[in-house]
Amino acid sequence: MRKKFIAGNWKMNLDNAAAVTLARELTRSLGDFVAADVAVCPSFVYLSAVAVSLKGGSITLGAQDVFYEANGAFTGEVSVAMLKDVGCTYTIIGHSERRHIIGEGNALINRKTRAALAGGVLPILCIGELLEERERGKTEAVLEEQLREGLVNISAQDMCKITIAYEPVWAIGTGKTASPQQAQDAHAFCRKIIADIFDKTTAQSVRIQYGGSVKADNAAELLGQPDVDGALVGGASLKVNDFIAIVKAGAKT
Ligand code: PGA
């Protein structure tokens with residue numbers, strides 16, 4: 001049985017005080033909760049402060065992006081070692097907002113993923129189709145390409161350390177959620193491709209999160225699908241009660 005993994009993607013929200021307060025309240029509410037793995041991903045500048053608020057609790061820290069070089073003249077970028085240094089266990093890589101607003105492609109995302117693995121930070125690798133791609137029947141082709149190109153030169157052993165986040169772009173921040181069946185179908189397809197690239201055992205151990213307008217009232221049904229192993233939560237992760245409700249819904253399934 002894959003343990004559920006719920007991660008909060010705070011995106012470019014909150015200020016220092018609000019990030020610290022949110023982390024502290026979540027830590028207090030969850031106590032030593034271990035029925036699901038839980039992480040929060042604040043923006044880079046608040047990682048250190050949030051790390052302090054998470055101390056002693058069961059919530060781990062993640063970043064929203066990382067660069068593939070170890071150090072040097074890369075103005076504005078943040079290395080894997082820097083993320084480790086401030087206490088990150090995870091980093092999101094290839095989020096659709098970075099793919100579509102910043103222009104990141106699969107090759108860059110693959111370099112970042114390999115760098116994170118090499119440096120001991122666990123990648124949450126995001127994939128997902130645009131609405132027009134879904135409408136043109138291209139969902140599986142898009143997911144397959146993002147997986148195959150994003151996972152180039154990664155060993156089966158390292159693949160087990162990666163979380164895949166399936167986030168249909170049309171469902172992110174829109175209030176439109178994939179139906180539980182749509183999510184299940186996409187997740188099962190991704191697992192099939194991972195089995196093809198690696199092997200069945202590896203594919204069975206990889207956690208695949210769903211992301212896109214996950215809320216307290218739809219979490220149980222989505223997380224109840226056999227291939228949905230968690231959630232990457234944006235908007236609802238900024239509210240203590242909503243995020244806790246999603247975590248608890250995940251733990252029950
Ligand atoms: P959302 O964002 O829950 O606000 O749709 C999810 C994400 O982008 O990770």
# chains A, B, ... in the order shown; residues from 1 in each chain; ligands from 1
$ select_by_dssp --residues "range 63-180 of chain A" --states "helix (DSSP H, G or I)" --output "compact mmCIF listing (two decimals) with all heavy atoms, in the first residue's frame"
# COMPACT_ATOMS: atom_id res chain seq x y z
N VAL A 80 20.27 22.89 -5.24
CA VAL A 80 19.76 21.78 -4.41
C VAL A 80 20.39 21.85 -3.02
O VAL A 80 19.71 21.68 -2.00
CB VAL A 80 20.09 20.43 -5.09
CG1 VAL A 80 19.63 19.27 -4.21
CG2 VAL A 80 19.44 20.35 -6.46
N ALA A 81 21.71 22.10 -2.97
CA ALA A 81 22.40 22.17 -1.67
C ALA A 81 21.81 23.29 -0.80
O ALA A 81 21.70 23.14 0.42
CB ALA A 81 23.88 22.39 -1.88
N MET A 82 21.44 24.39 -1.43
CA MET A 82 20.83 25.49 -0.67
C MET A 82 19.48 25.05 -0.09
O MET A 82 19.15 25.37 1.06
CB MET A 82 20.63 26.71 -1.57
CG MET A 82 21.92 27.41 -1.94
SD MET A 82 21.60 28.64 -3.22
CE MET A 82 23.26 29.29 -3.44
N LEU A 83 18.71 24.31 -0.88
CA LEU A 83 17.42 23.82 -0.37
C LEU A 83 17.64 22.88 0.81
O LEU A 83 16.93 22.94 1.82
CB LEU A 83 16.64 23.10 -1.48
CG LEU A 83 16.18 23.94 -2.67
CD1 LEU A 83 15.28 23.10 -3.58
CD2 LEU A 83 15.44 25.19 -2.21
N LYS A 84 18.63 22.01 0.67
CA LYS A 84 18.94 21.08 1.78
C LYS A 84 19.36 21.86 3.01
O LYS A 84 18.97 21.54 4.14
CB LYS A 84 20.08 20.15 1.37
CG LYS A 84 19.60 18.95 0.62
CD LYS A 84 20.51 17.77 0.82
CE LYS A 84 19.98 16.90 1.96
NZ LYS A 84 20.38 15.50 1.84
N ASP A 85 20.16 22.87 2.78
CA ASP A 85 20.72 23.67 3.87
C ASP A 85 19.62 24.32 4.72
O ASP A 85 19.77 24.47 5.92
CB ASP A 85 21.63 24.74 3.23
CG ASP A 85 22.54 25.40 4.23
OD1 ASP A 85 22.86 24.75 5.25
OD2 ASP A 85 22.93 26.56 4.01
N SER A 96 3.10 23.49 -13.85
CA SER A 96 2.56 24.02 -15.12
C SER A 96 2.71 25.52 -15.23
O SER A 96 2.85 26.07 -16.32
CB SER A 96 1.10 23.62 -15.30
OG SER A 96 0.29 24.39 -14.47
N GLU A 97 2.72 26.21 -14.08
CA GLU A 97 2.92 27.67 -14.16
C GLU A 97 4.34 27.99 -14.61
O GLU A 97 4.57 29.00 -15.27
CB GLU A 97 2.57 28.31 -12.81
CG GLU A 97 1.05 28.36 -12.62
CD GLU A 97 0.56 28.11 -11.21
OE1 GLU A 97 1.32 28.26 -10.25
OE2 GLU A 97 -0.63 27.74 -11.07
N ARG A 98 5.28 27.14 -14.29
CA ARG A 98 6.65 27.34 -14.78
C ARG A 98 6.76 26.88 -16.24
O ARG A 98 7.44 27.51 -17.04
CB ARG A 98 7.66 26.61 -13.90
CG ARG A 98 7.67 27.13 -12.46
CD ARG A 98 8.98 26.91 -11.77
NE ARG A 98 10.04 27.61 -12.44
CZ ARG A 98 10.33 28.92 -12.25
NH1 ARG A 98 9.63 29.64 -11.39
NH2 ARG A 98 11.31 29.49 -12.92
N ARG A 99 6.08 25.83 -16.58
CA ARG A 99 6.11 25.37 -17.98
C ARG A 99 5.49 26.43 -18.90
O ARG A 99 6.05 26.78 -19.93
CB ARG A 99 5.32 24.07 -18.15
CG ARG A 99 5.99 22.84 -17.55
CD ARG A 99 5.08 21.62 -17.76
NE ARG A 99 5.55 20.43 -17.08
CZ ARG A 99 6.30 19.46 -17.65
NH1 ARG A 99 6.66 19.56 -18.91
NH2 ARG A 99 6.67 18.41 -16.95
N HIS A 100 4.33 26.96 -18.48
CA HIS A 100 3.56 27.78 -19.43
C HIS A 100 3.75 29.29 -19.25
O HIS A 100 3.56 30.03 -20.21
CB HIS A 100 2.08 27.40 -19.35
CG HIS A 100 1.86 25.96 -19.73
ND1 HIS A 100 2.08 25.49 -21.01
CD2 HIS A 100 1.50 24.87 -19.00
CE1 HIS A 100 1.86 24.19 -21.05
NE2 HIS A 100 1.51 23.78 -19.84
N ILE A 101 4.13 29.74 -18.07
CA ILE A 101 4.36 31.19 -17.90
C ILE A 101 5.84 31.51 -18.11
O ILE A 101 6.20 32.46 -18.79
CB ILE A 101 3.89 31.67 -16.51
CG1 ILE A 101 2.39 31.38 -16.32
CG2 ILE A 101 4.17 33.18 -16.35
CD1 ILE A 101 1.87 31.63 -14.92
N ILE A 102 6.71 30.67 -17.54
CA ILE A 102 8.15 30.93 -17.63
C ILE A 102 8.75 30.27 -18.88
O ILE A 102 9.79 30.68 -19.37
CB ILE A 102 8.89 30.41 -16.35
CG1 ILE A 102 8.14 30.80 -15.08
CG2 ILE A 102 10.35 30.85 -16.32
CD1 ILE A 102 8.18 32.25 -14.67
N ASN A 106 10.74 20.11 -21.13
CA ASN A 106 11.04 18.81 -20.53
C ASN A 106 12.54 18.58 -20.29
O ASN A 106 12.91 17.95 -19.31
CB ASN A 106 10.49 17.69 -21.41
CG ASN A 106 8.97 17.66 -21.36
OD1 ASN A 106 8.36 17.94 -20.33
ND2 ASN A 106 8.35 17.32 -22.49
N ALA A 107 13.39 19.10 -21.19
CA ALA A 107 14.83 18.87 -21.03
C ALA A 107 15.35 19.57 -19.77
O ALA A 107 16.11 19.00 -18.98
CB ALA A 107 15.58 19.35 -22.26
N LEU A 108 14.93 20.81 -19.59
CA LEU A 108 15.33 21.56 -18.40
C LEU A 108 14.78 20.90 -17.13
O LEU A 108 15.48 20.73 -16.12
CB LEU A 108 14.80 23.01 -18.51
CG LEU A 108 14.99 23.91 -17.28
CD1 LEU A 108 16.46 24.13 -16.99
CD2 LEU A 108 14.30 25.27 -17.50
N ILE A 109 13.54 20.48 -17.22
CA ILE A 109 12.88 19.85 -16.07
C ILE A 109 13.60 18.54 -15.71
O ILE A 109 13.78 18.22 -14.53
CB ILE A 109 11.38 19.64 -16.40
CG1 ILE A 109 10.69 21.02 -16.40
CG2 ILE A 109 10.70 18.66 -15.46
CD1 ILE A 109 9.34 21.07 -17.08
N ASN A 110 14.04 17.82 -16.72
CA ASN A 110 14.80 16.59 -16.48
C ASN A 110 16.13 16.89 -15.78
O ASN A 110 16.53 16.18 -14.84
CB ASN A 110 15.04 15.86 -17.81
CG ASN A 110 15.95 14.66 -17.65
OD1 ASN A 110 17.10 14.66 -18.07
ND2 ASN A 110 15.45 13.61 -17.00
N ARG A 111 16.81 17.95 -16.21
CA ARG A 111 18.09 18.31 -15.56
C ARG A 111 17.86 18.66 -14.10
O ARG A 111 18.62 18.28 -13.22
CB ARG A 111 18.74 19.51 -16.26
CG ARG A 111 19.44 19.13 -17.54
CD ARG A 111 20.22 20.30 -18.09
NE ARG A 111 21.58 20.35 -17.55
CZ ARG A 111 22.53 21.15 -18.01
NH1 ARG A 111 22.27 21.96 -19.02
NH2 ARG A 111 23.73 21.16 -17.48
N LYS A 112 16.81 19.41 -13.84
CA LYS A 112 16.50 19.78 -12.46
C LYS A 112 16.17 18.54 -11.63
O LYS A 112 16.58 18.42 -10.48
CB LYS A 112 15.31 20.75 -12.44
CG LYS A 112 15.63 22.12 -13.02
CD LYS A 112 14.41 23.03 -12.93
CE LYS A 112 14.79 24.46 -13.37
NZ LYS A 112 13.75 25.43 -13.06
N THR A 113 15.41 17.64 -12.22
CA THR A 113 15.01 16.42 -11.49
C THR A 113 16.24 15.58 -11.14
O THR A 113 16.38 15.11 -10.00
CB THR A 113 14.02 15.60 -12.37
OG1 THR A 113 12.92 16.45 -12.71
CG2 THR A 113 13.50 14.37 -11.62
N ARG A 114 17.15 15.44 -12.11
CA ARG A 114 18.35 14.65 -11.84
C ARG A 114 19.25 15.32 -10.80
O ARG A 114 19.83 14.65 -9.94
CB ARG A 114 19.12 14.38 -13.15
CG ARG A 114 18.42 13.31 -13.98
CD ARG A 114 19.22 12.89 -15.19
NE ARG A 114 19.16 13.90 -16.22
CZ ARG A 114 20.23 14.40 -16.84
NH1 ARG A 114 21.43 13.98 -16.55
NH2 ARG A 114 20.08 15.33 -17.77
N ALA A 115 19.32 16.65 -10.86
CA ALA A 115 20.13 17.37 -9.87
C ALA A 115 19.54 17.20 -8.47
O ALA A 115 20.28 16.99 -7.49
CB ALA A 115 20.21 18.85 -10.24
N ALA A 116 18.23 17.31 -8.36
CA ALA A 116 17.59 17.15 -7.05
C ALA A 116 17.88 15.76 -6.48
O ALA A 116 18.27 15.62 -5.31
CB ALA A 116 16.08 17.39 -7.17
N LEU A 117 17.75 14.74 -7.32
CA LEU A 117 18.00 13.37 -6.87
C LEU A 117 19.45 13.20 -6.43
O LEU A 117 19.73 12.61 -5.39
CB LEU A 117 17.68 12.38 -8.00
CG LEU A 117 16.18 12.21 -8.32
CD1 LEU A 117 16.00 11.54 -9.68
CD2 LEU A 117 15.48 11.41 -7.23
N ALA A 118 20.35 13.74 -7.22
CA ALA A 118 21.78 13.61 -6.90
C ALA A 118 22.12 14.30 -5.58
O ALA A 118 22.97 13.85 -4.83
CB ALA A 118 22.63 14.19 -8.04
N GLY A 119 21.39 15.38 -5.30
CA GLY A 119 21.69 16.14 -4.09
C GLY A 119 20.83 15.74 -2.89
O GLY A 119 20.92 16.37 -1.82
N LEU A 131 -6.22 22.39 -21.68
CA LEU A 131 -7.61 22.08 -22.04
C LEU A 131 -7.71 21.70 -23.52
O LEU A 131 -8.36 20.72 -23.87
CB LEU A 131 -8.52 23.28 -21.72
CG LEU A 131 -10.00 23.07 -22.04
CD1 LEU A 131 -10.57 21.89 -21.27
CD2 LEU A 131 -10.81 24.34 -21.73
N GLU A 132 -7.06 22.49 -24.38
CA GLU A 132 -7.20 22.19 -25.83
C GLU A 132 -6.56 20.85 -26.17
O GLU A 132 -7.00 20.16 -27.08
CB GLU A 132 -6.63 23.31 -26.69
CG GLU A 132 -5.19 23.66 -26.42
CD GLU A 132 -4.45 24.08 -27.68
OE1 GLU A 132 -4.84 25.07 -28.29
OE2 GLU A 132 -3.46 23.39 -28.04
N GLU A 133 -5.54 20.46 -25.42
CA GLU A 133 -4.94 19.14 -25.67
C GLU A 133 -5.93 18.03 -25.27
O GLU A 133 -6.08 17.03 -25.96
CB GLU A 133 -3.63 19.02 -24.90
CG GLU A 133 -2.54 19.92 -25.49
CD GLU A 133 -1.31 20.11 -24.61
OE1 GLU A 133 -1.38 19.91 -23.37
OE2 GLU A 133 -0.27 20.49 -25.16
N ARG A 134 -6.61 18.24 -24.14
CA ARG A 134 -7.62 17.25 -23.74
C ARG A 134 -8.74 17.19 -24.77
O ARG A 134 -9.16 16.11 -25.19
CB ARG A 134 -8.19 17.59 -22.35
CG ARG A 134 -9.33 16.66 -21.93
CD ARG A 134 -9.62 16.71 -20.45
NE ARG A 134 -8.66 15.96 -19.65
CZ ARG A 134 -8.80 14.70 -19.27
NH1 ARG A 134 -9.87 14.01 -19.63
NH2 ARG A 134 -7.88 14.11 -18.54
N GLU A 135 -9.19 18.37 -25.21
CA GLU A 135 -10.32 18.40 -26.16
C GLU A 135 -9.95 17.77 -27.50
O GLU A 135 -10.80 17.22 -28.19
CB GLU A 135 -10.80 19.85 -26.35
CG GLU A 135 -11.61 20.33 -25.14
CD GLU A 135 -11.93 21.80 -25.17
OE1 GLU A 135 -11.31 22.55 -25.96
OE2 GLU A 135 -12.81 22.22 -24.38
N THR A 139 -4.48 14.01 -24.46
CA THR A 139 -4.04 13.93 -23.05
C THR A 139 -2.95 12.88 -22.85
O THR A 139 -1.88 13.17 -22.29
CB THR A 139 -5.24 13.63 -22.13
OG1 THR A 139 -6.17 14.70 -22.27
CG2 THR A 139 -4.83 13.51 -20.67
N GLU A 140 -3.21 11.67 -23.33
CA GLU A 140 -2.24 10.59 -23.06
C GLU A 140 -0.91 10.85 -23.76
O GLU A 140 0.15 10.59 -23.19
CB GLU A 140 -2.84 9.24 -23.47
CG GLU A 140 -4.01 8.86 -22.55
CD GLU A 140 -4.46 7.42 -22.68
OE1 GLU A 140 -4.08 6.75 -23.67
OE2 GLU A 140 -5.21 6.96 -21.79
N ALA A 141 -0.97 11.41 -24.98
CA ALA A 141 0.27 11.69 -25.71
C ALA A 141 1.11 12.73 -24.96
O ALA A 141 2.33 12.60 -24.86
CB ALA A 141 -0.05 12.17 -27.12
N VAL A 142 0.43 13.74 -24.42
CA VAL A 142 1.14 14.79 -23.68
C VAL A 142 1.76 14.21 -22.41
O VAL A 142 2.94 14.45 -22.11
CB VAL A 142 0.18 15.95 -23.34
CG1 VAL A 142 0.83 16.94 -22.37
CG2 VAL A 142 -0.27 16.67 -24.60
N LEU A 143 0.99 13.44 -21.67
CA LEU A 143 1.50 12.86 -20.42
C LEU A 143 2.68 11.93 -20.71
O LEU A 143 3.70 11.95 -20.00
CB LEU A 143 0.39 12.11 -19.68
CG LEU A 143 -0.80 12.95 -19.21
CD1 LEU A 143 -1.81 12.07 -18.48
CD2 LEU A 143 -0.37 14.11 -18.33
N GLU A 144 2.54 11.15 -21.76
CA GLU A 144 3.62 10.20 -22.08
C GLU A 144 4.90 10.95 -22.44
O GLU A 144 5.99 10.60 -21.97
CB GLU A 144 3.19 9.29 -23.24
CG GLU A 144 4.30 8.32 -23.61
CD GLU A 144 3.86 7.14 -24.45
OE1 GLU A 144 2.66 7.02 -24.77
OE2 GLU A 144 4.74 6.31 -24.77
N GLU A 145 4.78 12.01 -23.23
CA GLU A 145 5.97 12.77 -23.62
C GLU A 145 6.60 13.44 -22.40
O GLU A 145 7.82 13.41 -22.22
CB GLU A 145 5.59 13.81 -24.67
CG GLU A 145 6.77 14.62 -25.15
CD GLU A 145 6.41 15.53 -26.32
OE1 GLU A 145 6.12 15.01 -27.41
OE2 GLU A 145 6.40 16.76 -26.12
N GLN A 146 5.77 14.03 -21.55
CA GLN A 146 6.32 14.70 -20.36
C GLN A 146 7.01 13.69 -19.44
O GLN A 146 8.05 13.99 -18.84
CB GLN A 146 5.21 15.45 -19.62
CG GLN A 146 4.73 16.68 -20.40
CD GLN A 146 3.55 17.38 -19.74
OE1 GLN A 146 2.82 16.78 -18.93
NE2 GLN A 146 3.33 18.63 -20.10
N LEU A 147 6.45 12.50 -19.34
CA LEU A 147 7.08 11.47 -18.49
C LEU A 147 8.38 10.96 -19.14
O LEU A 147 9.43 10.94 -18.49
CB LEU A 147 6.12 10.30 -18.26
CG LEU A 147 5.00 10.54 -17.25
CD1 LEU A 147 4.01 9.38 -17.27
CD2 LEU A 147 5.56 10.73 -15.84
N ARG A 148 8.31 10.56 -20.39
CA ARG A 148 9.50 9.97 -21.03
C ARG A 148 10.65 10.97 -21.07
O ARG A 148 11.78 10.63 -20.77
CB ARG A 148 9.17 9.47 -22.44
CG ARG A 148 8.31 8.21 -22.43
CD ARG A 148 8.28 7.52 -23.77
NE ARG A 148 7.32 6.42 -23.75
CZ ARG A 148 7.57 5.20 -23.29
NH1 ARG A 148 8.78 4.90 -22.86
NH2 ARG A 148 6.63 4.27 -23.27
N GLU A 149 10.34 12.24 -21.42
CA GLU A 149 11.42 13.23 -21.53
C GLU A 149 11.85 13.75 -20.16
O GLU A 149 13.01 14.09 -19.95
CB GLU A 149 10.98 14.38 -22.45
CG GLU A 149 10.79 13.89 -23.88
CD GLU A 149 10.46 15.00 -24.87
OE1 GLU A 149 10.51 16.19 -24.50
OE2 GLU A 149 10.13 14.64 -26.02
N GLY A 150 10.92 13.79 -19.24
CA GLY A 150 11.25 14.27 -17.89
C GLY A 150 12.04 13.26 -17.09
O GLY A 150 12.73 13.61 -16.12
N ALA A 156 15.89 3.18 -11.92
CA ALA A 156 14.66 2.70 -11.28
C ALA A 156 14.71 3.01 -9.77
O ALA A 156 13.70 3.38 -9.17
CB ALA A 156 14.50 1.20 -11.51
N GLN A 157 15.89 2.88 -9.22
CA GLN A 157 16.06 3.16 -7.79
C GLN A 157 15.72 4.62 -7.47
O GLN A 157 15.04 4.92 -6.50
CB GLN A 157 17.51 2.87 -7.42
CG GLN A 157 17.74 2.61 -5.96
CD GLN A 157 19.25 2.46 -5.68
OE1 GLN A 157 20.07 2.32 -6.60
NE2 GLN A 157 19.58 2.50 -4.42
N ASP A 158 16.18 5.52 -8.32
CA ASP A 158 15.87 6.94 -8.13
C ASP A 158 14.40 7.24 -8.44
O ASP A 158 13.79 8.12 -7.84
CB ASP A 158 16.78 7.81 -9.00
CG ASP A 158 18.09 8.14 -8.30
OD1 ASP A 158 18.18 7.91 -7.07
OD2 ASP A 158 19.02 8.61 -8.97
N MET A 159 13.85 6.52 -9.41
CA MET A 159 12.43 6.75 -9.76
C MET A 159 11.53 6.56 -8.53
O MET A 159 10.54 7.27 -8.36
CB MET A 159 12.01 5.79 -10.88
CG MET A 159 10.58 6.01 -11.37
SD MET A 159 10.37 7.65 -12.13
CE MET A 159 8.78 8.14 -11.49
N VAL A 169 -3.91 21.18 -16.56
CA VAL A 169 -3.72 22.63 -16.46
C VAL A 169 -5.07 23.35 -16.36
O VAL A 169 -5.20 24.35 -15.65
CB VAL A 169 -2.90 23.14 -17.67
CG1 VAL A 169 -2.69 24.65 -17.59
CG2 VAL A 169 -1.55 22.44 -17.73
N TRP A 170 -6.08 22.80 -17.01
CA TRP A 170 -7.41 23.41 -17.00
C TRP A 170 -8.09 23.32 -15.63
O TRP A 170 -9.12 23.97 -15.40
CB TRP A 170 -8.30 22.77 -18.07
CG TRP A 170 -8.26 21.26 -18.05
CD1 TRP A 170 -7.37 20.46 -18.73
CD2 TRP A 170 -9.11 20.38 -17.32
NE1 TRP A 170 -7.62 19.14 -18.46
CE2 TRP A 170 -8.68 19.06 -17.60
CE3 TRP A 170 -10.20 20.56 -16.46
CZ2 TRP A 170 -9.29 17.94 -17.05
CZ3 TRP A 170 -10.82 19.44 -15.92
CH2 TRP A 170 -10.35 18.15 -16.21
N ALA A 171 -7.52 22.56 -14.72
CA ALA A 171 -8.14 22.40 -13.39
C ALA A 171 -7.39 23.20 -12.32
O ALA A 171 -7.84 23.26 -11.18
CB ALA A 171 -8.17 20.92 -13.00
N PRO A 180 -13.32 12.21 -10.52
CA PRO A 180 -12.51 11.12 -9.97
C PRO A 180 -12.12 10.10 -11.04
O PRO A 180 -11.00 9.60 -11.05
CB PRO A 180 -13.44 10.51 -8.91
CG PRO A 180 -14.30 11.67 -8.48
CD PRO A 180 -14.52 12.49 -9.71
$ residues_near_ligand --ligand "ligand 1" --cutoff "9 Å" --atoms "only C-alpha atoms and all ligand atoms" --output "VMD selection string"
chain A and resid 7 to 11 95 to 97 126 165 167 169 to 177 210 to 215 231 to 237
$ atom_distance --atom1 "CA of Ile246 in chain A" --atom2 "CA of Ser48 in chain A"
25.1 Å
$ closest_residue --among "A:Gln209, A:Leu54, A:Phe44, A:Asn218" --to "Asp242 in chain A" --atoms "only C-alpha atoms"
A:Asn218
$ atom_distance --atom1 "CA of Thr202 in chain A" --atom2 "CA of Cys160 in chain A"
6.2 Å
$ atom_distance --atom1 "CA of Gly230 in chain A" --atom2 "CA of Leu47 in chain A"
22.5 Å
$ residues_around --residues "Lys248 in chain A" --least-positions-apart "6" --cutoff "10 Å" --atoms "only C-alpha atoms" --output "JSON, numbers by chain"
{"A": [6, 30, 33, 35, 36, 216, 219, 220, 242]}
$ write_last_selection --atoms "N, CA and C atoms" --output "PDB file, in the first residue's frame"
ATOM      1  N   ILE A   6       0.238  14.340   0.849  1.00  0.00           N
ATOM      2  CA  ILE A   6      -0.467  15.598   0.582  1.00  0.00           C
ATOM      3  C   ILE A   6       0.537  16.746   0.709  1.00  0.00           C
ATOM      4  N   LEU A  30      -1.862  19.269  13.363  1.00  0.00           N
ATOM      5  CA  LEU A  30      -1.564  17.888  12.973  1.00  0.00           C
ATOM      6  C   LEU A  30      -0.798  17.123  14.038  1.00  0.00           C
ATOM      7  N   PHE A  33       0.803  13.499  13.753  1.00  0.00           N
ATOM      8  CA  PHE A  33       0.058  12.777  12.714  1.00  0.00           C
ATOM      9  C   PHE A  33       0.993  12.104  11.711  1.00  0.00           C
ATOM     10  N   ALA A  35      -0.426   9.376   9.608  1.00  0.00           N
ATOM     11  CA  ALA A  35      -1.249   8.520   8.746  1.00  0.00           C
ATOM     12  C   ALA A  35      -1.106   8.871   7.264  1.00  0.00           C
ATOM     13  N   ALA A  36      -0.590  10.058   6.993  1.00  0.00           N
ATOM     14  CA  ALA A  36      -0.235  10.434   5.612  1.00  0.00           C
ATOM     15  C   ALA A  36       1.030  11.274   5.699  1.00  0.00           C
ATOM     16  N   ALA A 216     -11.627  20.676   0.283  1.00  0.00           N
ATOM     17  CA  ALA A 216     -12.062  19.800   1.381  1.00  0.00           C
ATOM     18  C   ALA A 216     -13.231  18.913   0.945  1.00  0.00           C
ATOM     19  N   ALA A 219     -11.957  16.120  -1.889  1.00  0.00           N
ATOM     20  CA  ALA A 219     -10.712  15.372  -1.646  1.00  0.00           C
ATOM     21  C   ALA A 219     -10.966  13.880  -1.431  1.00  0.00           C
ATOM     22  N   ALA A 220     -11.984  13.551  -0.652  1.00  0.00           N
ATOM     23  CA  ALA A 220     -12.185  12.141  -0.294  1.00  0.00           C
ATOM     24  C   ALA A 220     -12.425  11.294  -1.537  1.00  0.00           C
ATOM     25  N   ASP A 242      -9.117  23.937   5.726  1.00  0.00           N
ATOM     26  CA  ASP A 242      -9.300  23.246   4.445  1.00  0.00           C
ATOM     27  C   ASP A 242      -8.168  22.246   4.207  1.00  0.00           C
TER      28      ASP A 242
END
$ closest_residue --among "A:Ala17, A:Leu22, A:Ile197, A:Val34" --to "Leu238 in chain A" --atoms "only C-alpha atoms"
A:Leu22
$ residues_around --residues "range 87-93 of chain A" --least-positions-apart "2" --cutoff "6 Å" --atoms "only C-alpha atoms" --output "PDB file with N, CA, C and O atoms, in the first residue's frame"
ATOM      1  N   LEU A  61       9.207  20.069   4.734  1.00  0.00           N
ATOM      2  CA  LEU A  61       9.323  21.302   3.966  1.00  0.00           C
ATOM      3  C   LEU A  61       9.689  20.994   2.510  1.00  0.00           C
ATOM      4  O   LEU A  61      10.511  20.120   2.240  1.00  0.00           O
ATOM      5  N   GLY A  62       9.080  21.731   1.594  1.00  0.00           N
ATOM      6  CA  GLY A  62       9.435  21.594   0.181  1.00  0.00           C
ATOM      7  C   GLY A  62       9.590  22.969  -0.450  1.00  0.00           C
ATOM      8  O   GLY A  62       9.035  23.958   0.035  1.00  0.00           O
ATOM      9  N   ALA A  63      10.355  23.010  -1.552  1.00  0.00           N
ATOM     10  CA  ALA A  63      10.479  24.250  -2.323  1.00  0.00           C
ATOM     11  C   ALA A  63       9.587  24.131  -3.562  1.00  0.00           C
ATOM     12  O   ALA A  63       9.041  23.068  -3.845  1.00  0.00           O
ATOM     13  N   GLN A  64       9.467  25.230  -4.278  1.00  0.00           N
ATOM     14  CA  GLN A  64       8.594  25.231  -5.462  1.00  0.00           C
ATOM     15  C   GLN A  64       9.360  25.063  -6.767  1.00  0.00           C
ATOM     16  O   GLN A  64       8.760  24.921  -7.835  1.00  0.00           O
ATOM     17  N   ASP A  65      10.686  25.106  -6.673  1.00  0.00           N
ATOM     18  CA  ASP A  65      11.523  24.993  -7.866  1.00  0.00           C
ATOM     19  C   ASP A  65      12.966  24.826  -7.391  1.00  0.00           C
ATOM     20  O   ASP A  65      13.260  25.014  -6.199  1.00  0.00           O
ATOM     21  N   LEU A  83      18.715  24.313  -0.878  1.00  0.00           N
ATOM     22  CA  LEU A  83      17.423  23.822  -0.373  1.00  0.00           C
ATOM     23  C   LEU A  83      17.639  22.880   0.811  1.00  0.00           C
ATOM     24  O   LEU A  83      16.932  22.945   1.822  1.00  0.00           O
ATOM     25  N   LYS A  84      18.633  22.013   0.670  1.00  0.00           N
ATOM     26  CA  LYS A  84      18.942  21.085   1.783  1.00  0.00           C
ATOM     27  C   LYS A  84      19.360  21.859   3.012  1.00  0.00           C
ATOM     28  O   LYS A  84      18.975  21.541   4.139  1.00  0.00           O
ATOM     29  N   ASP A  85      20.162  22.874   2.777  1.00  0.00           N
ATOM     30  CA  ASP A  85      20.718  23.670   3.866  1.00  0.00           C
ATOM     31  C   ASP A  85      19.619  24.319   4.716  1.00  0.00           C
ATOM     32  O   ASP A  85      19.772  24.472   5.925  1.00  0.00           O
ATOM     33  N   HIS A  95       6.295  22.603 -12.496  1.00  0.00           N
ATOM     34  CA  HIS A  95       4.890  22.990 -12.304  1.00  0.00           C
ATOM     35  C   HIS A  95       4.364  23.657 -13.572  1.00  0.00           C
ATOM     36  O   HIS A  95       5.113  24.346 -14.268  1.00  0.00           O
ATOM     37  N   VAL A 121      17.404  15.767  -2.547  1.00  0.00           N
ATOM     38  CA  VAL A 121      16.099  16.420  -2.345  1.00  0.00           C
ATOM     39  C   VAL A 121      15.097  15.693  -3.242  1.00  0.00           C
ATOM     40  O   VAL A 121      15.384  15.426  -4.416  1.00  0.00           O
ATOM     41  N   LEU A 122      13.944  15.329  -2.692  1.00  0.00           N
ATOM     42  CA  LEU A 122      13.008  14.478  -3.424  1.00  0.00           C
ATOM     43  C   LEU A 122      12.133  15.302  -4.373  1.00  0.00           C
ATOM     44  O   LEU A 122      11.436  16.220  -3.935  1.00  0.00           O
ATOM     45  N   PRO A 123      12.150  14.975  -5.663  1.00  0.00           N
ATOM     46  CA  PRO A 123      11.378  15.763  -6.627  1.00  0.00           C
ATOM     47  C   PRO A 123       9.875  15.422  -6.610  1.00  0.00           C
ATOM     48  O   PRO A 123       9.505  14.254  -6.479  1.00  0.00           O
ATOM     49  N   ILE A 124       9.080  16.460  -6.747  1.00  0.00           N
ATOM     50  CA  ILE A 124       7.657  16.296  -7.069  1.00  0.00           C
ATOM     51  C   ILE A 124       7.539  16.799  -8.505  1.00  0.00           C
ATOM     52  O   ILE A 124       7.560  18.008  -8.756  1.00  0.00           O
ATOM     53  N   LEU A 125       7.516  15.872  -9.438  1.00  0.00           N
ATOM     54  CA  LEU A 125       7.580  16.222 -10.855  1.00  0.00           C
ATOM     55  C   LEU A 125       6.166  16.379 -11.413  1.00  0.00           C
ATOM     56  O   LEU A 125       5.376  15.430 -11.416  1.00  0.00           O
TER      57      LEU A 125
END
$ select_by_dssp --residues "range 28-237 of chain A" --states "strand (DSSP E or B)" --output "MDAnalysis selection string"
chainID A and resid 37:41 60:63 88:93 122:127 163:166 207:211 230:233
$ residues_around --residues "Gly76 in chain A" --least-positions-apart "3" --cutoff "12 Å" --atoms "only C-alpha atoms" --output "number ranges by chain"
A: 44-45, 65-67, 71-73, 79
